[in-house]
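Some notes on the structure that comes next.
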Amino acid sequence: MGVFGRNHARIYKELEEQGEPVRLLGVVDSDVDRADAVAREFNCKAFGSVHQIVTTHSELQAASVAVPTVHHCSVARELMNAGIDVLIEKPLAPTLAEADELIRAAAKHKRVAQVGHLERFNPAVRATLPILTQPMFFEVHRLSVFTPRSLDVDVVLDLMIHDLDIVLAFAKSEVKEVRAVGLPILSGKVDIASVRLELESGCIANFTASRVSTERVRKLRFFQPRQYVSIDYGRQEVHVFTVGREGAASGTPSVNPEISVSKPAVASEEPLYAELKSFLQSVRKRSELLVPLEDGRRALAVALEILSGIRHHAKKLNLTDLAKVKN
Ligand SMILES: NC(=O)c1ccc[n+]([C@@H]2O[C@H](COP(=O)([O-])OP(=O)(O)OC[C@H]3O[C@@H](n4cnc5c(N)ncnc54)[C@H](O)[C@@H]3O)[C@@H](O)[C@H]2O)c1
């Protein structure tokens, strides 16, 4: 029960206390002291392995997998083999082979299996969906202060993948070209990256992700015909700037273009709370998932292409250490 897994436990307990049809049976961590501490906090049982919990609790139906990414596949596979539905944290896996294995296991065992791209459940993102028309240019920043966590993967798989998933979901187009630069700063892996994607639709998306920043920023801005939309994931705010008919789109430059600013209503909610509630609903109703494993694979494929672009760029610059850096 690491740092993020504890959040999952907290929310399942909250849902239970709010009368949702769910009961937090237990938490699992190979570090038993950690599992004990979280189990005490949320009044459930602690287990040292998946095997222990599935053999003790035949009534177990669903589980969140929030172990380090390199262990997602083995842990989620064991759960699905035992007939348990899973929500697997992002990134889905460190490799496409493991992502495919998870997709196959979910199909074979007929499991509800969701990937934890929780920004899809961010109320600011949900409030943007109805106003999406044809996004043509994205500018995305996700900056974090360094913490010694999630260092089993680089910043592209750790942070940028959230925005890759959102841009791919918004733009609904495949990636045509990747340009990327990235550097290790404090860990042995890429800690800061700047990426430019060109999509088949002609849409361009620029991403900056850093886990060695002095400030925390979570912003996605995009342009679509006659509109500029700015999303602040952290503040859960959306601003929409719309150019009136007399503005630039009319073809005649205007000194005073008519620009209206609006702020779609956003009902504040913790994205993880909304994500787990939605997952549990799919488990109960066996209904379609908002973010299936295939979406996690799609974001992972682009992230891995970006990492290969970063290595390629490093080779050109003779940054030999970085050229050898693995995911
Ligand atoms: N969605 C998000 O915004 C978000 C945020 C943070 C982390 N995450 C994801 O959550 C996952 C966990 O991240 P974290 O920061 O909590 O990591 P962490 O290192 O704090 O915790 C991982 C825990 O897993 C335990 N563990 C390792 N292998 C295990 C196994 N085989 N069986 C049982 N327990 C095992 C470790 O003992 C540790 O306590 C990662 O995939 C990460 O990418 C997602």
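Chain labels A, B, ... are given in the sequence in which chains occur in the structure tokens; within each chain residues are numbered consecutively from 1, and ligands are likewise numbered from 1 in the order shown.
Contact shell of A:Gln236 at 12 Å (only C-alpha atoms; same-chain neighbours under 6 positions omitted): Glu119, Phe121, Asn122, Pro123, Ala124, Val125, Arg126, Ala127, Thr128, Arg218, Lys219, Leu220, Ser230, Lys263, Pro264, Ala265, Val266, Ala267, Ser268, Glu269, Glu270 and Pro271 of chain A.
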List the neighbours of A:Ser144 out to 8 Å using only C-alpha atoms; skip same-chain residues closer than 5 positions along the sequence, and give me the result as a ChimeraX atom specification. /A:210-217
Write out as a PyMOL selection string the set of residues from stretch 91-281 of chain A that DSSP, computed on the backbone, places in alpha helix (DSSP H). chain A and resi 96-108+123-128+155+161-171+271-281
Okay, now the selection with C-alpha atoms, as a PDB file, in the first residue's frame?
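Result file follows (selection.pdb):
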ATOM      1  CA  LEU A  96       3.419  -2.898 -25.015  1.00  0.00           C
ATOM      2  CA  ALA A  97       3.934  -6.646 -24.645  1.00  0.00           C
ATOM      3  CA  GLU A  98       2.749  -6.459 -21.018  1.00  0.00           C
ATOM      4  CA  ALA A  99      -0.110  -4.101 -21.934  1.00  0.00           C
ATOM      5  CA  ASP A 100      -1.241  -6.631 -24.556  1.00  0.00           C
ATOM      6  CA  GLU A 101      -0.954  -9.442 -22.040  1.00  0.00           C
ATOM      7  CA  LEU A 102      -3.261  -7.539 -19.670  1.00  0.00           C
ATOM      8  CA  ILE A 103      -5.778  -6.873 -22.443  1.00  0.00           C
ATOM      9  CA  ARG A 104      -5.745 -10.568 -23.375  1.00  0.00           C
ATOM     10  CA  ALA A 105      -6.138 -11.649 -19.742  1.00  0.00           C
ATOM     11  CA  ALA A 106      -9.132  -9.326 -19.267  1.00  0.00           C
ATOM     12  CA  ALA A 107     -10.792 -10.754 -22.390  1.00  0.00           C
ATOM     13  CA  LYS A 108      -9.989 -14.371 -21.477  1.00  0.00           C
ATOM     14  CA  PRO A 123     -14.461  17.748 -13.588  1.00  0.00           C
ATOM     15  CA  ALA A 124     -12.657  20.425 -15.652  1.00  0.00           C
ATOM     16  CA  VAL A 125     -11.986  17.854 -18.396  1.00  0.00           C
ATOM     17  CA  ARG A 126     -15.560  16.574 -18.243  1.00  0.00           C
ATOM     18  CA  ALA A 127     -16.886  20.155 -18.493  1.00  0.00           C
ATOM     19  CA  THR A 128     -14.787  20.647 -21.648  1.00  0.00           C
ATOM     20  CA  VAL A 155       8.712  11.469 -16.547  1.00  0.00           C
ATOM     21  CA  ILE A 161       1.103  10.083 -20.069  1.00  0.00           C
ATOM     22  CA  HIS A 162      -1.883  11.756 -18.356  1.00  0.00           C
ATOM     23  CA  ASP A 163      -1.851  14.516 -20.988  1.00  0.00           C
ATOM     24  CA  LEU A 164      -1.092  12.161 -23.881  1.00  0.00           C
ATOM     25  CA  ASP A 165      -4.266  10.303 -22.985  1.00  0.00           C
ATOM     26  CA  ILE A 166      -6.330  13.510 -22.764  1.00  0.00           C
ATOM     27  CA  VAL A 167      -5.014  14.947 -26.045  1.00  0.00           C
ATOM     28  CA  LEU A 168      -5.616  11.648 -27.873  1.00  0.00           C
ATOM     29  CA  ALA A 169      -9.143  11.480 -26.427  1.00  0.00           C
ATOM     30  CA  PHE A 170      -9.891  15.118 -27.356  1.00  0.00           C
ATOM     31  CA  ALA A 171      -8.280  15.147 -30.814  1.00  0.00           C
ATOM     32  CA  PRO A 271     -10.887  12.897  -9.815  1.00  0.00           C
ATOM     33  CA  LEU A 272      -9.870   9.664  -8.071  1.00  0.00           C
ATOM     34  CA  TYR A 273     -13.206   9.596  -6.245  1.00  0.00           C
ATOM     35  CA  ALA A 274     -15.098   9.994  -9.536  1.00  0.00           C
ATOM     36  CA  GLU A 275     -12.869   7.379 -11.183  1.00  0.00           C
ATOM     37  CA  LEU A 276     -13.400   4.720  -8.507  1.00  0.00           C
ATOM     38  CA  LYS A 277     -17.139   5.390  -8.350  1.00  0.00           C
ATOM     39  CA  SER A 278     -17.366   4.929 -12.106  1.00  0.00           C
ATOM     40  CA  PHE A 279     -15.225   1.761 -11.964  1.00  0.00           C
ATOM     41  CA  LEU A 280     -17.463   0.244  -9.270  1.00  0.00           C
ATOM     42  CA  GLN A 281     -20.533   1.065 -11.291  1.00  0.00           C
TER      43      GLN A 281
END
Per-residue nearest contacts chain A to ligand 1, cut-off 9 Å, using only C-alpha atoms and all ligand atoms, as CSV:
residue,atom,partner,partner_atom_place_in_ligand_line,distance
A:Met1,CA,ligand 1,39 (O),4.5
A:Gly2,CA,ligand 1,21 (O),3.0
A:Val3,CA,ligand 1,16 (O),3.9
A:Phe4,CA,ligand 1,16 (O),3.6
A:Gly5,CA,ligand 1,16 (O),5.2
A:Arg6,CA,ligand 1,16 (O),7.4
A:Asn7,CA,ligand 1,16 (O),8.5
A:Val28,CA,ligand 1,33 (C),5.6
A:Asp29,CA,ligand 1,34 (N),3.6
A:Ser30,CA,ligand 1,34 (N),4.2
A:Asp31,CA,ligand 1,37 (O),4.6
A:Val32,CA,ligand 1,37 (O),8.0
A:Arg34,CA,ligand 1,39 (O),6.3
A:Ala35,CA,ligand 1,39 (O),7.7
A:Phe47,CA,ligand 1,33 (C),8.7
A:Gly48,CA,ligand 1,33 (C),6.7
A:Ser49,CA,ligand 1,33 (C),5.6
A:Val50,CA,ligand 1,32 (N),6.7
A:Val65,CA,ligand 1,11 (C),7.4
A:Ala66,CA,ligand 1,11 (C),4.0
A:Val67,CA,ligand 1,24 (O),3.8
A:Pro68,CA,ligand 1,40 (C),4.4
A:Thr69,CA,ligand 1,41 (O),4.1
A:Val70,CA,ligand 1,41 (O),7.8
A:His71,CA,ligand 1,31 (N),5.8
A:His72,CA,ligand 1,41 (O),7.0
A:Ser74,CA,ligand 1,31 (N),7.3
A:Val75,CA,ligand 1,31 (N),6.0
A:Ile88,CA,ligand 1,41 (O),7.8
A:Glu89,CA,ligand 1,41 (O),5.0
A:Lys90,CA,ligand 1,43 (O),5.2
A:Pro91,CA,ligand 1,43 (O),5.7
A:Leu92,CA,ligand 1,41 (O),7.6
A:Ala93,CA,ligand 1,41 (O),8.1
A:Gly116,CA,ligand 1,1 (N),5.6
A:His117,CA,ligand 1,1 (N),5.9
A:Leu118,CA,ligand 1,1 (N),5.5
A:Glu119,CA,ligand 1,3 (O),7.7
A:Pro148,CA,ligand 1,19 (O),8.7
A:Arg149,CA,ligand 1,15 (O),5.3
A:Ser150,CA,ligand 1,15 (O),5.3
A:Leu151,CA,ligand 1,19 (O),8.5
A:Asp152,CA,ligand 1,40 (C),8.8
A:Val153,CA,ligand 1,43 (O),8.0
A:Leu157,CA,ligand 1,43 (O),7.7
A:Asp158,CA,ligand 1,43 (O),5.6
A:Leu159,CA,ligand 1,3 (O),7.9
A:His162,CA,ligand 1,3 (O),7.8
A:Leu272,CA,ligand 1,1 (N),7.6
Can you pull out the residues contacting A:Ser58? Cut-off 10 Å, using only C-alpha atoms, and skip same-chain residues under 6 positions away; I want them as a short mmCIF file (atom, residue, chain, number, x, y, z; two decimals) with N, CA and C atoms, in the first residue's frame.
data_model
loop_
_atom_site.label_atom_id
_atom_site.label_comp_id
_atom_site.auth_asym_id
_atom_site.auth_seq_id
_atom_site.Cartn_x
_atom_site.Cartn_y
_atom_site.Cartn_z
N ALA A 82 -7.88 -14.95 -10.85
CA ALA A 82 -8.71 -15.38 -9.72
C ALA A 82 -10.15 -14.86 -9.85
N GLY A 83 -10.47 -14.25 -11.00
CA GLY A 83 -11.85 -13.81 -11.23
C GLY A 83 -12.16 -12.43 -10.66
N ILE A 84 -11.12 -11.63 -10.40
CA ILE A 84 -11.34 -10.30 -9.79
C ILE A 84 -11.27 -9.23 -10.89
#
